[in-house]
Each structure stands twice: as C-alpha cells, then as structure tokens.
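A.B. asks: What follows is the file upload11.txt, containing compact mmCIF, C-alpha atoms:
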```
# COMPACT_ATOMS: atom_id res chain seq x y z
CA MET A 81 71.19 81.00 111.03
CA SER A 82 73.39 79.12 108.62
CA ASP A 83 75.17 82.38 107.85
CA VAL A 84 76.14 82.89 111.43
CA HIS A 85 77.29 79.33 111.29
CA SER A 86 79.78 79.97 108.53
CA TRP A 87 81.39 82.71 110.55
CA GLU A 88 81.69 80.44 113.55
CA ALA A 89 83.04 77.72 111.31
CA GLU A 90 85.72 79.95 109.95
CA TYR A 91 86.60 81.04 113.41
CA SER A 92 86.73 77.58 114.92
CA GLY A 93 88.78 76.41 111.96
CA ALA A 94 91.19 79.19 112.68
CA THR A 95 91.48 78.50 116.37
CA SER A 96 91.95 74.79 115.96
CA HIS A 97 94.81 75.69 113.71
CA ALA A 98 96.23 78.10 116.24
CA ALA A 99 95.80 75.58 119.03
CA SER A 100 97.72 72.94 117.14
CA GLY A 101 100.98 74.38 118.32
CA PRO A 102 101.81 77.45 120.35
CA SER A 103 105.07 77.96 118.52
CA MET A 104 103.17 78.10 115.22
CA PRO A 105 105.92 77.24 112.78
CA PRO A 106 105.48 78.90 109.39
CA ALA A 107 105.04 75.44 107.91
CA ARG A 108 103.66 75.38 104.41
CA ALA A 109 101.28 72.53 105.19
CA PRO A 110 98.83 72.02 102.33
CA ALA A 111 95.97 72.14 104.84
CA SER A 112 96.84 75.72 105.68
CA ARG A 113 95.78 76.80 102.20
CA GLN A 114 92.17 76.65 103.26
CA ASN A 115 92.79 78.59 106.42
CA ASP A 116 95.88 80.51 105.64
CA GLN A 117 95.24 82.95 108.46
CA PRO A 118 95.91 81.16 111.71
CA MET A 119 94.40 83.54 114.22
CA PRO A 120 97.20 84.11 116.65
CA ASP A 121 95.27 84.81 119.81
CA VAL A 122 98.35 83.39 121.49
CA ARG A 123 99.90 86.73 120.74
CA ILE A 124 98.08 88.45 123.54
CA ASN A 125 99.81 86.30 126.15
CA GLU A 126 103.17 86.24 124.48
CA GLN A 127 103.37 89.90 123.71
CA LYS A 128 106.30 90.48 126.00
CA GLU A 129 108.47 87.86 124.36
CA PRO A 130 111.03 89.47 122.08
CA PRO A 131 109.84 89.04 118.49
CA PRO A 132 106.11 88.26 118.53
CA GLU A 133 104.98 86.30 115.50
CA GLU A 134 104.10 88.76 112.74
CA THR A 135 100.58 88.43 111.38
CA PRO A 136 100.19 88.67 107.58
CA LEU A 137 98.70 92.12 108.00
CA GLU A 138 101.65 93.30 110.07
CA LYS A 139 103.96 91.92 107.41
CA LEU A 140 102.17 93.80 104.68
CA THR A 141 102.18 96.98 106.75
CA ARG A 142 105.94 96.63 107.14
CA HIS A 143 106.43 96.07 103.41
CA TRP A 144 104.14 98.99 102.67
CA MET A 145 106.25 101.32 104.81
CA ASN A 146 109.49 99.92 103.37
CA GLU A 147 108.19 100.52 99.88
CA ARG A 148 107.11 104.05 100.72
CA HIS A 149 110.50 105.01 102.14
CA ALA A 150 112.85 103.14 99.82
CA PRO A 151 114.02 105.05 96.76
CA ASP A 152 114.30 101.83 94.71
CA ILE A 153 111.62 99.26 94.01
CA LEU A 154 111.71 96.37 96.52
CA PRO A 155 111.13 92.65 95.93
CA ALA A 156 107.45 91.94 95.20
CA GLN A 157 105.41 90.29 97.97
CA ASP A 158 102.91 88.66 95.66
CA ARG A 159 102.26 85.57 97.80
CA LEU A 160 101.62 87.59 100.92
CA LEU A 161 99.47 90.00 98.95
CA SER A 162 97.34 87.32 97.33
CA SER A 163 96.79 85.49 100.61
CA LEU A 164 95.63 88.73 102.20
CA LEU A 165 93.39 89.51 99.22
CA ASP A 166 91.87 86.05 99.60
CA HIS A 167 91.26 86.74 103.24
CA ILE A 168 89.64 90.08 102.46
CA ARG A 169 87.38 88.35 99.95
CA ARG A 170 86.37 85.64 102.41
CA GLN A 171 85.75 88.17 105.15
CA SER A 172 83.64 90.33 102.80
CA ASP A 173 81.62 87.29 101.72
CA THR A 174 80.91 86.43 105.35
CA ILE A 175 79.86 90.01 106.00
CA GLN A 176 77.54 89.95 102.99
CA LEU A 177 75.94 86.74 104.18
CA LEU A 178 75.42 88.07 107.69
CA ARG A 179 74.03 91.32 106.35
CA GLY A 180 71.30 89.45 104.54
CA ASP A 181 70.30 87.61 107.66
CA PRO A 182 67.15 89.28 109.05
CA SER A 183 67.39 87.49 112.40
CA SER A 184 70.71 89.07 113.35
CA SER A 185 70.90 90.58 116.81
CA GLU A 186 72.38 93.90 117.85
CA GLU A 187 75.55 92.10 118.80
CA ASP A 188 75.83 90.77 115.28
CA HIS A 189 75.35 94.26 113.90
CA ILE A 190 78.32 95.49 115.85
CA ARG A 191 80.43 92.55 114.75
CA ILE A 192 79.47 93.21 111.14
CA MET A 193 80.25 96.88 111.50
CA LEU A 194 83.67 96.17 113.05
CA ALA A 195 84.52 93.54 110.47
CA GLN A 196 83.50 95.89 107.68
CA THR A 197 85.62 98.68 109.14
CA GLU A 198 88.59 96.39 109.29
CA VAL A 199 88.13 95.24 105.71
CA GLU A 200 88.22 98.88 104.60
CA ARG A 201 91.36 99.54 106.62
CA VAL A 202 93.14 96.55 105.13
CA LYS A 203 92.00 97.50 101.64
CA PHE A 204 93.48 100.94 102.15
CA ILE A 205 96.87 99.47 103.02
CA VAL A 206 96.76 97.06 100.08
CA ARG A 207 95.84 99.85 97.67
CA SER A 208 98.46 102.22 98.95
CA TYR A 209 101.11 99.49 98.73
CA VAL A 210 100.23 98.60 95.15
CA ARG A 211 100.04 102.23 94.11
CA THR A 212 103.45 102.96 95.56
CA ARG A 213 104.92 100.17 93.45
CA LEU A 214 103.05 101.37 90.38
CA PHE A 215 104.40 104.85 90.88
CA LYS A 216 107.95 103.55 90.98
CA ILE A 217 107.39 101.38 87.93
CA GLU A 218 106.04 104.29 85.94
CA ASN A 219 108.85 106.50 87.09
CA TYR A 220 111.65 104.01 86.37
CA ALA A 221 109.99 102.16 83.48
CA ARG A 222 112.89 102.54 81.06
CA TYR A 223 115.44 101.75 83.70
CA ILE A 224 113.52 98.61 84.66
CA ILE A 225 113.21 97.19 81.17
CA ALA A 226 116.93 97.63 80.66
CA ASN A 227 117.93 96.10 83.98
CA GLU A 228 117.52 92.38 84.61
CA VAL A 229 118.36 92.53 88.30
CA VAL A 230 115.39 94.79 88.92
CA GLN A 231 113.16 92.66 86.73
CA ARG A 232 113.75 89.71 89.00
CA ARG A 233 112.32 91.70 91.90
CA ILE A 234 108.98 92.45 90.30
CA THR A 235 106.06 90.30 89.21
CA ALA A 236 105.27 89.33 85.63
CA ALA A 237 102.32 91.72 85.56
CA GLU A 238 104.52 94.53 86.78
CA ARG A 239 107.17 93.75 84.15
CA ASP A 240 104.53 93.81 81.48
CA TYR A 241 103.21 97.12 82.75
CA ALA A 242 106.71 98.61 82.84
CA SER A 243 107.43 97.70 79.25
CA ARG A 244 104.09 98.96 78.00
CA HIS A 245 104.55 102.20 79.90
CA ALA A 246 108.07 102.67 78.54
CA HIS A 247 106.89 102.11 74.97
CA LEU A 248 104.06 104.59 75.35
CA ILE A 249 106.41 107.24 76.65
CA ASP A 250 108.90 106.51 73.88
CA ARG A 251 106.23 106.85 71.21
CA HIS A 252 104.99 110.05 72.76
CA PHE A 253 108.46 111.61 72.90
CA TYR A 254 109.14 110.51 69.37
CA SER A 255 105.99 111.91 67.84
CA SER A 256 106.07 115.15 69.81
CA VAL A 257 109.77 116.08 69.68
CA LEU A 258 112.36 113.50 68.77
CA GLN A 259 111.30 112.93 65.19
CA SER A 260 112.19 116.51 64.26
CA LEU A 261 115.66 116.29 65.80
CA PRO A 262 118.76 115.12 63.96
CA GLU A 263 119.09 111.38 64.25
CA SER A 264 122.20 111.54 66.42
CA GLN A 265 120.24 113.34 69.10
CA ALA A 266 116.98 111.46 68.89
CA GLY A 267 117.93 108.67 71.30
CA LEU A 268 117.02 108.67 74.95
CA ASP A 269 119.73 106.38 76.16
CA ASP A 270 122.89 108.06 74.90
CA VAL A 271 125.68 108.37 77.43
CA PRO A 272 125.22 111.71 79.19
CA SER A 273 127.96 114.24 78.93
CA PHE A 274 129.52 115.11 82.24
CA ILE A 275 127.25 118.01 83.10
CA MET A 276 123.83 116.70 82.06
CA PRO A 277 121.87 114.26 84.16
CA PRO A 278 120.95 111.04 82.34
CA MET A 279 117.63 111.14 80.53
CA ILE A 280 116.49 107.83 81.97
CA THR A 281 115.28 108.27 85.54
CA GLU A 282 117.12 105.96 87.89
CA PRO A 283 116.38 105.41 91.56
CA GLU A 284 118.63 107.43 93.78
CA THR A 285 119.87 104.48 95.83
CA THR A 286 122.24 106.55 97.93
CA ARG A 287 119.38 108.57 99.39
CA ALA A 288 119.31 108.44 103.18
CA VAL A 289 116.65 106.35 104.91
CA PHE A 290 115.70 105.81 108.54
CA ALA A 291 116.54 102.18 109.24
CA HIS A 292 115.09 100.42 112.25
CA ALA A 293 116.93 97.18 113.04
CA ARG A 294 114.64 94.26 113.81
CA LYS A 295 117.60 92.16 114.94
CA ASP A 296 121.31 92.70 115.48
CA THR A 297 122.94 93.07 112.12
CA ILE A 298 125.69 94.87 110.23
CA ALA A 299 125.25 97.27 107.34
CA ARG A 300 127.93 98.06 104.76
CA THR A 301 127.93 101.57 103.37
CA PRO A 302 128.85 102.10 99.70
CA GLU A 303 132.20 103.52 100.83
CA GLY A 304 132.99 100.20 102.48
CA LYS A 305 132.43 101.28 106.06
CA THR A 306 130.55 98.86 108.32
CA VAL A 307 127.88 100.06 110.69
CA ASP A 308 126.64 97.94 113.59
CA LEU A 309 122.88 98.01 113.88
CA ALA A 310 121.75 96.76 117.28
CA GLN A 311 118.26 95.38 117.59
CA GLY A 312 115.79 98.20 118.08
CA SER A 313 118.23 100.92 117.11
CA LEU A 314 117.41 103.60 114.62
CA THR A 315 119.96 104.90 112.16
CA LEU A 316 119.90 107.38 109.34
CA LEU A 317 122.04 106.04 106.51
CA SER A 318 122.22 105.49 102.78
CA PHE A 319 119.62 103.12 101.33
CA ALA A 320 122.30 101.25 99.39
CA ALA A 321 123.81 100.16 102.72
CA VAL A 322 120.65 98.47 103.96
CA ALA A 323 118.93 97.40 100.71
CA ASP A 324 119.78 93.71 101.26
CA LEU A 325 118.84 93.85 104.93
CA VAL A 326 115.47 95.38 104.08
CA ALA A 327 114.87 92.60 101.56
CA SER A 328 115.75 89.92 104.12
CA GLY A 329 113.58 91.57 106.77
CA ASP A 330 116.37 92.24 109.28
CA VAL A 331 115.84 95.96 108.89
CA GLU A 332 112.66 97.92 108.33
CA LEU A 333 112.37 101.47 107.10
CA VAL A 334 110.41 103.87 109.23
CA MET B 94 98.65 109.49 88.95
CA SER B 95 99.45 106.34 90.85
CA LEU B 96 100.78 108.14 93.89
CA PRO B 97 99.76 111.76 94.55
CA PRO B 98 102.77 114.10 94.81
CA ALA B 99 101.91 114.90 98.44
CA LEU B 100 102.53 111.27 99.39
CA ARG B 101 105.80 110.78 97.55
CA ALA B 102 108.21 112.48 99.88
CA SER B 103 107.06 110.94 103.11
CA VAL B 104 104.25 109.19 104.93
CA THR B 105 101.44 111.40 106.17
CA PRO B 106 100.40 111.67 109.83
CA PRO B 107 96.97 110.08 109.15
CA GLU B 108 98.74 107.07 107.66
CA LEU B 109 100.94 106.79 110.73
CA GLU B 110 97.80 106.98 112.83
CA LEU B 111 96.26 104.16 110.84
CA ILE B 112 99.28 101.97 111.56
CA ALA B 113 99.41 102.94 115.23
CA CYS B 114 95.74 102.04 115.66
CA GLN B 115 96.54 98.40 114.94
CA GLU B 116 98.20 98.17 118.33
CA LEU B 117 96.27 96.63 121.18
CA VAL B 118 94.66 98.45 124.07
CA GLU B 119 92.75 97.26 127.10
CA ILE B 120 89.09 98.07 127.40
CA ILE B 121 86.17 97.42 129.69
CA PRO B 122 83.38 96.52 127.29
CA LEU B 123 79.79 97.56 127.88
CA ILE B 124 78.43 95.07 125.38
CA ALA B 125 78.93 91.36 125.01
CA MET B 126 80.47 89.92 121.89
CA GLU B 127 81.56 86.42 121.04
CA LYS B 128 85.13 85.81 120.02
CA THR B 129 85.29 86.88 116.39
CA ALA B 130 87.85 86.24 113.68
CA PHE B 131 89.17 89.41 112.08
CA ILE B 132 91.84 89.75 109.45
CA SER B 133 94.40 90.92 111.99
CA GLY B 134 93.50 88.21 114.50
CA ALA B 135 90.71 86.93 116.71
CA TYR B 136 89.45 89.28 119.37
CA GLY B 137 87.05 88.79 122.23
CA PRO B 138 85.06 87.41 123.79
CA LEU B 139 83.79 90.63 125.32
CA ARG B 140 81.99 90.06 128.62
CA PRO B 141 80.89 93.33 130.19
CA PRO B 142 82.68 93.67 133.49
CA HIS B 143 85.81 91.87 132.30
CA ARG B 144 88.72 93.55 130.61
CA ALA B 145 89.61 92.61 127.07
CA GLN B 146 92.37 93.47 124.66
CA ILE B 147 91.42 94.73 121.21
CA PRO B 148 93.06 96.95 118.59
CA ILE B 149 92.84 100.68 119.18
CA TRP B 150 90.77 101.33 116.06
CA MET B 151 88.17 98.89 117.34
CA ALA B 152 88.20 100.43 120.80
CA VAL B 153 87.78 103.90 119.29
CA ASN B 154 84.87 102.66 117.22
CA LEU B 155 83.13 101.13 120.23
CA LYS B 156 83.96 104.11 122.41
CA GLN B 157 82.29 106.49 119.97
CA LYS B 158 79.17 104.40 120.24
CA LYS B 159 79.52 104.44 124.04
CA LYS B 160 79.98 100.68 124.12
CA CYS B 161 83.23 100.53 126.07
CA HIS B 162 85.65 102.32 128.36
CA ILE B 163 89.26 102.48 127.28
CA LEU B 164 91.94 101.81 129.88
CA ALA B 165 94.95 104.03 129.41
CA PRO B 166 98.17 102.21 128.58
CA ALA B 167 100.70 102.21 131.43
CA TRP B 168 102.75 104.96 129.83
CA LEU B 169 99.83 107.36 129.38
CA THR B 170 99.66 108.50 132.99
CA VAL B 171 100.70 111.75 134.62
CA ASP B 172 103.29 110.12 136.89
CA TYR B 173 104.99 108.22 134.13
CA LEU B 174 105.14 111.12 131.72
CA GLN B 175 106.31 113.48 134.46
CA GLU B 176 109.23 111.19 135.14
CA LYS B 177 110.00 110.95 131.43
CA LEU B 178 109.89 114.71 131.09
CA VAL B 179 112.42 115.15 133.88
CA HIS B 180 114.62 112.57 132.20
CA GLU B 181 114.18 114.25 128.85
CA THR B 182 115.19 117.68 130.09
CA THR B 183 118.16 116.51 132.14
CA GLN B 184 119.73 113.83 129.94
CA ALA B 185 121.40 114.32 126.60
CA GLU B 186 119.90 111.34 124.77
CA PHE B 187 116.27 110.79 123.88
CA THR B 188 114.12 109.14 126.53
CA LYS B 189 112.71 105.79 125.61
CA LEU B 190 109.02 106.11 124.84
CA PRO B 191 106.73 103.81 122.87
CA PHE B 192 107.55 104.13 119.18
CA ARG B 193 104.06 105.35 118.31
CA PHE B 194 103.29 107.27 121.49
CA ALA B 195 102.44 110.50 119.69
CA GLU B 196 99.73 108.95 117.50
CA ILE B 197 98.25 106.75 120.21
CA SER B 198 98.12 109.47 122.85
CA ARG B 199 96.48 111.82 120.39
CA VAL B 200 93.82 109.32 119.40
CA LEU B 201 93.06 108.37 122.98
CA LEU B 202 92.96 111.96 124.17
CA ASP B 203 90.66 112.86 121.32
CA VAL B 204 88.20 110.05 121.73
CA ALA B 205 88.45 108.84 125.28
CA SER B 206 89.57 111.82 127.34
CA ASP B 207 86.84 111.00 129.89
CA ASP B 208 88.46 107.61 130.50
CA LEU B 209 91.86 109.13 131.20
CA GLN B 210 92.91 110.68 134.47
CA SER B 211 93.46 114.44 134.25
CA PRO B 212 93.57 114.64 130.45
CA ASP B 213 94.55 118.30 130.49
CA LYS B 214 97.63 117.59 132.52
CA LEU B 215 98.47 114.76 130.13
CA ARG B 216 98.13 117.10 127.17
CA THR B 217 100.47 119.65 128.73
CA LEU B 218 103.03 116.99 129.60
CA LEU B 219 102.94 115.51 126.11
CA LYS B 220 103.38 118.96 124.63
CA ASP B 221 106.34 119.71 126.89
CA LEU B 222 107.89 116.36 126.01
CA ARG B 223 107.38 117.03 122.35
CA GLU B 224 109.03 120.43 122.55
CA ALA B 225 111.99 119.14 124.51
CA ARG B 226 112.50 116.34 122.02
CA GLN B 227 112.10 118.60 119.03
CA ALA B 228 114.81 120.88 120.37
CA LYS B 229 117.09 117.88 120.78
CA ALA B 230 116.40 116.65 117.28
CA ARG B 231 117.31 120.07 115.90
CA ALA B 232 120.46 120.20 117.95
CA GLY B 233 121.25 116.74 116.58
CA LEU B 234 121.52 118.27 113.13
CA GLU B 235 124.93 119.57 114.12
CA SER B 236 126.26 116.05 114.38
CA LEU B 237 124.89 115.17 110.95
CA GLU B 238 127.53 113.97 108.56
CA HIS B 239 127.35 112.47 105.12
CA SER B 240 127.10 108.78 105.97
CA THR B 241 125.40 107.66 109.17
CA LEU B 242 123.62 109.07 112.18
CA GLY B 243 122.27 107.13 115.14
CA LEU B 244 118.88 108.36 116.30
CA SER B 245 117.69 105.72 118.71
CA ASN B 246 114.48 106.23 120.67
CA LEU B 247 113.05 108.73 118.24
CA SER B 248 109.36 108.05 117.67
CA ALA B 249 107.56 107.49 114.39
CA MET B 250 105.96 110.91 114.28
CA GLU B 251 109.21 112.68 115.13
CA ILE B 252 111.06 110.84 112.39
CA ASN B 253 108.40 111.86 109.96
CA GLU B 254 108.75 115.46 111.01
CA ILE B 255 112.49 115.70 110.50
CA ARG B 256 112.66 113.34 107.52
CA PRO B 257 112.57 115.73 104.54
CA PHE B 258 115.10 118.08 106.03
CA PHE B 259 117.52 115.45 107.29
CA ILE B 260 117.47 113.48 104.06
CA LYS B 261 118.06 116.59 101.99
CA ALA B 262 120.84 117.76 104.29
CA MET B 263 122.53 114.39 104.13
CA SER B 264 122.49 114.26 100.35
CA VAL B 265 123.89 117.78 100.12
CA LEU B 266 126.67 116.80 102.52
CA GLY B 267 127.33 113.75 100.38
CA GLN B 268 127.67 115.91 97.27
CA LEU B 269 130.00 118.35 99.00
CA ARG B 270 132.33 115.60 100.12
CA PRO B 271 135.44 115.44 97.94
CA GLY B 272 135.32 112.36 95.72
CA GLU B 273 137.71 109.53 96.40
```
As structure tokens, what does this structure read like?
C.D. replies:
Amino acid sequence: MSDVHSWEAEYSGATSHAASGPSMPPARAPASRQNDQPMPDVRINEQKEPPPEETPLEKLTRHWMNERHAPDILPAQDRLLSSLLDHIRRQSDTIQLLRGDPSSSEEDHIRIMLAQTEVERVKFIVRSYVRTRLFKIENYARYIIANEVVQRRITAAERDYASRHAHLIDRHFYSSVLQSLPESQAGLDDVPSFIMPPMITEPETTRAVFAHARKDTIARTPEGKTVDLAQGSLTLLSFAAVADLVASGDVELV
Amino acid sequence: MSLPPALRASVTPPELELIACQELVEIIPLIAMEKTAFISGAYGPLRPPHRAQIPIWMAVNLKQKKKCHILAPAWLTVDYLQEKLVHETTQAEFTKLPFRFAEISRVLLDVASDDLQSPDKLRTLLKDLREARQAKARAGLESLEHSTLGLSNLSAMEINEIRPFFIKAMSVLGQLRPGE
C-alpha cells in the first residue's frame, strides 16, 4: 500500500507545483529541485496557443535531433540531461516498488507497464543523444583538444575523453607508421599542401542542414547574405549560418 | 563504435516514428486509470466512456491490448485528405499538413485501422498525396542553388527522404562556385 502511496505522493507533488501558476515561469526556485518535473497537464488545454511550454523530454528530443543533424558538436546540455536522468531513476524506483507489491490490481499492472515502456523510450533517446556526441568527439578529438572555443561547448568529462582518445590515436599512429618515417613527415598537424586535405578531421561546418525556425529570426550566411527565417518556415542552408541560432534555440534542425 | 555508420548520415524512419509517437491523440478508454505522472507529463484519469488525451505510443500500447479505441485526428479523414490532395495537385507549393503526418498516419493505420473510417480509402489518399509531393520535391531540385532553399510545409519524413541527395547536391554546387 505504501508503495502506491509514494506514486500518488510524487504525482500530487507534481500537480501542486503545476497548479501554483498556469504560466509556469522557468523559475529556478530551490524547491523545484525535489520535483524538477512540473507535470504540465495545463498543456492539454493550452495546446493551441503559439509556443506551448516545452517539457524537459521535448527539449532533449530537440537537442538530440539538432545533434544528429549538425556537422559540428553543439553546446552540452548537461543540466537538462542530469535532471532527466534523475527523473528516470525516480520513475524506475517507483516502478520497482510497485512491482514488489503483491496487492496491486490490474489497473496498477497497466500503469506499471506503461511507465516502464516510457522509461525505456526515454532511455533510448538519452543513449542515442550521448552516443551522437561521443561519435563526434572521437571523430574530431584532435581538433577539439587544439580548439578552445569548442572545448567551452563540451563538459569536463567529454574534454577528458577527447584528450585521452587523441593520445591513444597518436600513440597508435606513431608505433604503427610514423616512427619509421623521416622526422619532418612524422607530424600530424603540419600545414597541408594545397592539394591534400588536412590530416586532422574537422567538422564540415558549411554542410547544408534543414533549419526549422521556432520564431522569426534572421540567419547570416558565411558569404554575408542575410536570410529571413519566418516562424515555422523550413529552409535548407549552410550550418554555419544557423549555428548560433541553433544554440540559442531559435532554430531547430529537422 | 559510438554511432553505427547507418545512423551517421541521417535519422532513421523508426527514430522519426518514436518522436512522432510523443504527440497526443484522443482515445475512448475501455479501462479506468487514475491520473498518473509520467516523465513526459501527467495523463489521465481514464474513465471508460469519456474521452482522454494521451500520447500516441500509450494509445498504441493500450489498443494492442484492446483497452481503448483511438479517435482519428481531425486531419486523418477522407474528406480532409481529399481536399488536401486536390490542393496538392493544383497548386505549385506544398500543402500544409501536420509535420509528422506520415509517421502518425502509418502508426494509426497499422494498429487502429478498425477505429478509422474507410482505412483503405485513407491509405490510397495518403499514397497519392505522397506521390504528388515527392514529384514536387524532385522538381524543386531544379531551383537548388549553393546557398539557401526554402522548403516550407515539407514533412519530417519527406525531409528525411531527400536529405542525403539535397545536402550532397548543395555541397557540390558550393564547390563549383567560383571563389570570391
């Protein structure tokens, strides 16, 4: 019985939070740390209003898609990610508790099953998001450790991973090939001659992306042209033109 | 490998389906359920003869267990799609359809075709729409140039379909452009 109680408690905690204000400002009240997922059941009624409040899961889904489509690595969303991971953990704990309750009814079984399904779905998105970032870090490891601007976009753990990965690759190249080459040709970062591509993989930031404008905004292409992006419009253009807008959330990649 | 090669170029249709299934749909539940807190929000309470709004994935799950009827969204009806098809074949620009209509209609037709009115007709209409739009997207390639291209009203699945080709074409055009 007490297990069922904890679920109800979490729920009522969430609703009281949601009921505290229909506008639901993204206030960083310390109290919200306990219940950092205000359940926006308001959303159902307000769906027709222009930008409905994004739930944390919707935010992560957006960042996941941005990350998948962007050629360069995007700013880390560690706070969002850890709050969602916390929520997954709490939800899984509740499920475990309810599972162990022999007195649960058929209704409870269905709730457990649905909650479990959702946890798996969210886990999939989290995993895919993290893996996409890992892939980029592995791919651009040397570029990242040489570039401070990029380092500011990633978390400390990711920086650490990038430098370890770069060193491993360096050691491998050295022991398998580079040590038998003349010293002048044993470096990886020499300036490429005009016909050879550089040996350090760099993100191809001019690659075209499909940008969906979440609000009216203006993009600047690398050639200096400005492109008006009306809310809801969809444009195919160079990633470099919208990189800042993607970071600020005005544009999402689809 | 952190990301399998098949996933590097683009998103896969099952992934798009996963995202689309987070959208809400109306159902008539056949079981009762108290309001429950999920990660994406609180849904319910389900009271059998009353309609409720829940995410599509949840509706599909309940539907497969015969615990609810799914009510078709307003755009998934023969009349509406017929009108859109006429518009699509007579106008130059893309008709406005829900961004994830392809995924949602597929899921609903797969799982809940008995809750939809004349599902076969719906399937044919959706197929016709798809073909008309595909032809337009291909014709749109002609207007592709190296820097920007407006593609409003294209849906998620359609973007995914043309993505590899359009991106490649654009980068080739960029390379061919004389440097400044």
A.B. asks: To one decimal place in Å, what is the distance between atom CA of Thr197 of chain A and atom CA of Glu254 of chain B?
C.D. replies: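 Between these atoms lies a distance of 28.6 Å.
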A.B. asks: Quick check, in Å to one decimal: how far apart do atom CA of Glu186 of chain A and atom CA of Val200 of chain B lie?
C.D. replies: 26.5 Å
A.B. asks: Counting all atoms listed in the file, which residues from chain A have an atom at most 7 Å from any atom of chain B, and could you show them as a ChimeraX atom specification?
C.D. replies: /A:91,119-121,135,137,149,167,187,194-195,211-212,214-215,287-288,313-318,334
A.B. asks: For atom CA of Thr141 of chain A and atom CA of Phe319 of chain A, quote the distance in Å rounded to one decimal.
C.D. replies: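 Computing the Euclidean distance for atom CA of Thr141 of chain A and atom CA of Phe319 of chain A yields 19.3 Å.
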A.B. asks: Show which residues sit within 10 Å of Gly329 of chain A, as a compact mmCIF listing (two decimals) with C-alpha atoms, in the frame of the given file. Count only C-alpha atoms, and ignore same-chain residues fewer than 2 positions away.
C.D. replies:
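Writing done, so here's selection_5.txt:
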```txt
# COMPACT_ATOMS: atom_id res chain seq x y z
CA LYS A 139 103.96 91.92 107.41
CA ARG A 142 105.94 96.63 107.14
CA HIS A 143 106.43 96.07 103.41
CA ASN A 146 109.49 99.92 103.37
CA ALA A 293 116.93 97.18 113.04
CA ARG A 294 114.64 94.26 113.81
CA LYS A 295 117.60 92.16 114.94
CA ALA A 323 118.93 97.40 100.71
CA ASP A 324 119.78 93.71 101.26
CA LEU A 325 118.84 93.85 104.93
CA VAL A 326 115.47 95.38 104.08
CA ALA A 327 114.87 92.60 101.56
CA VAL A 331 115.84 95.96 108.89
CA GLU A 332 112.66 97.92 108.33
CA LEU A 333 112.37 101.47 107.10
```
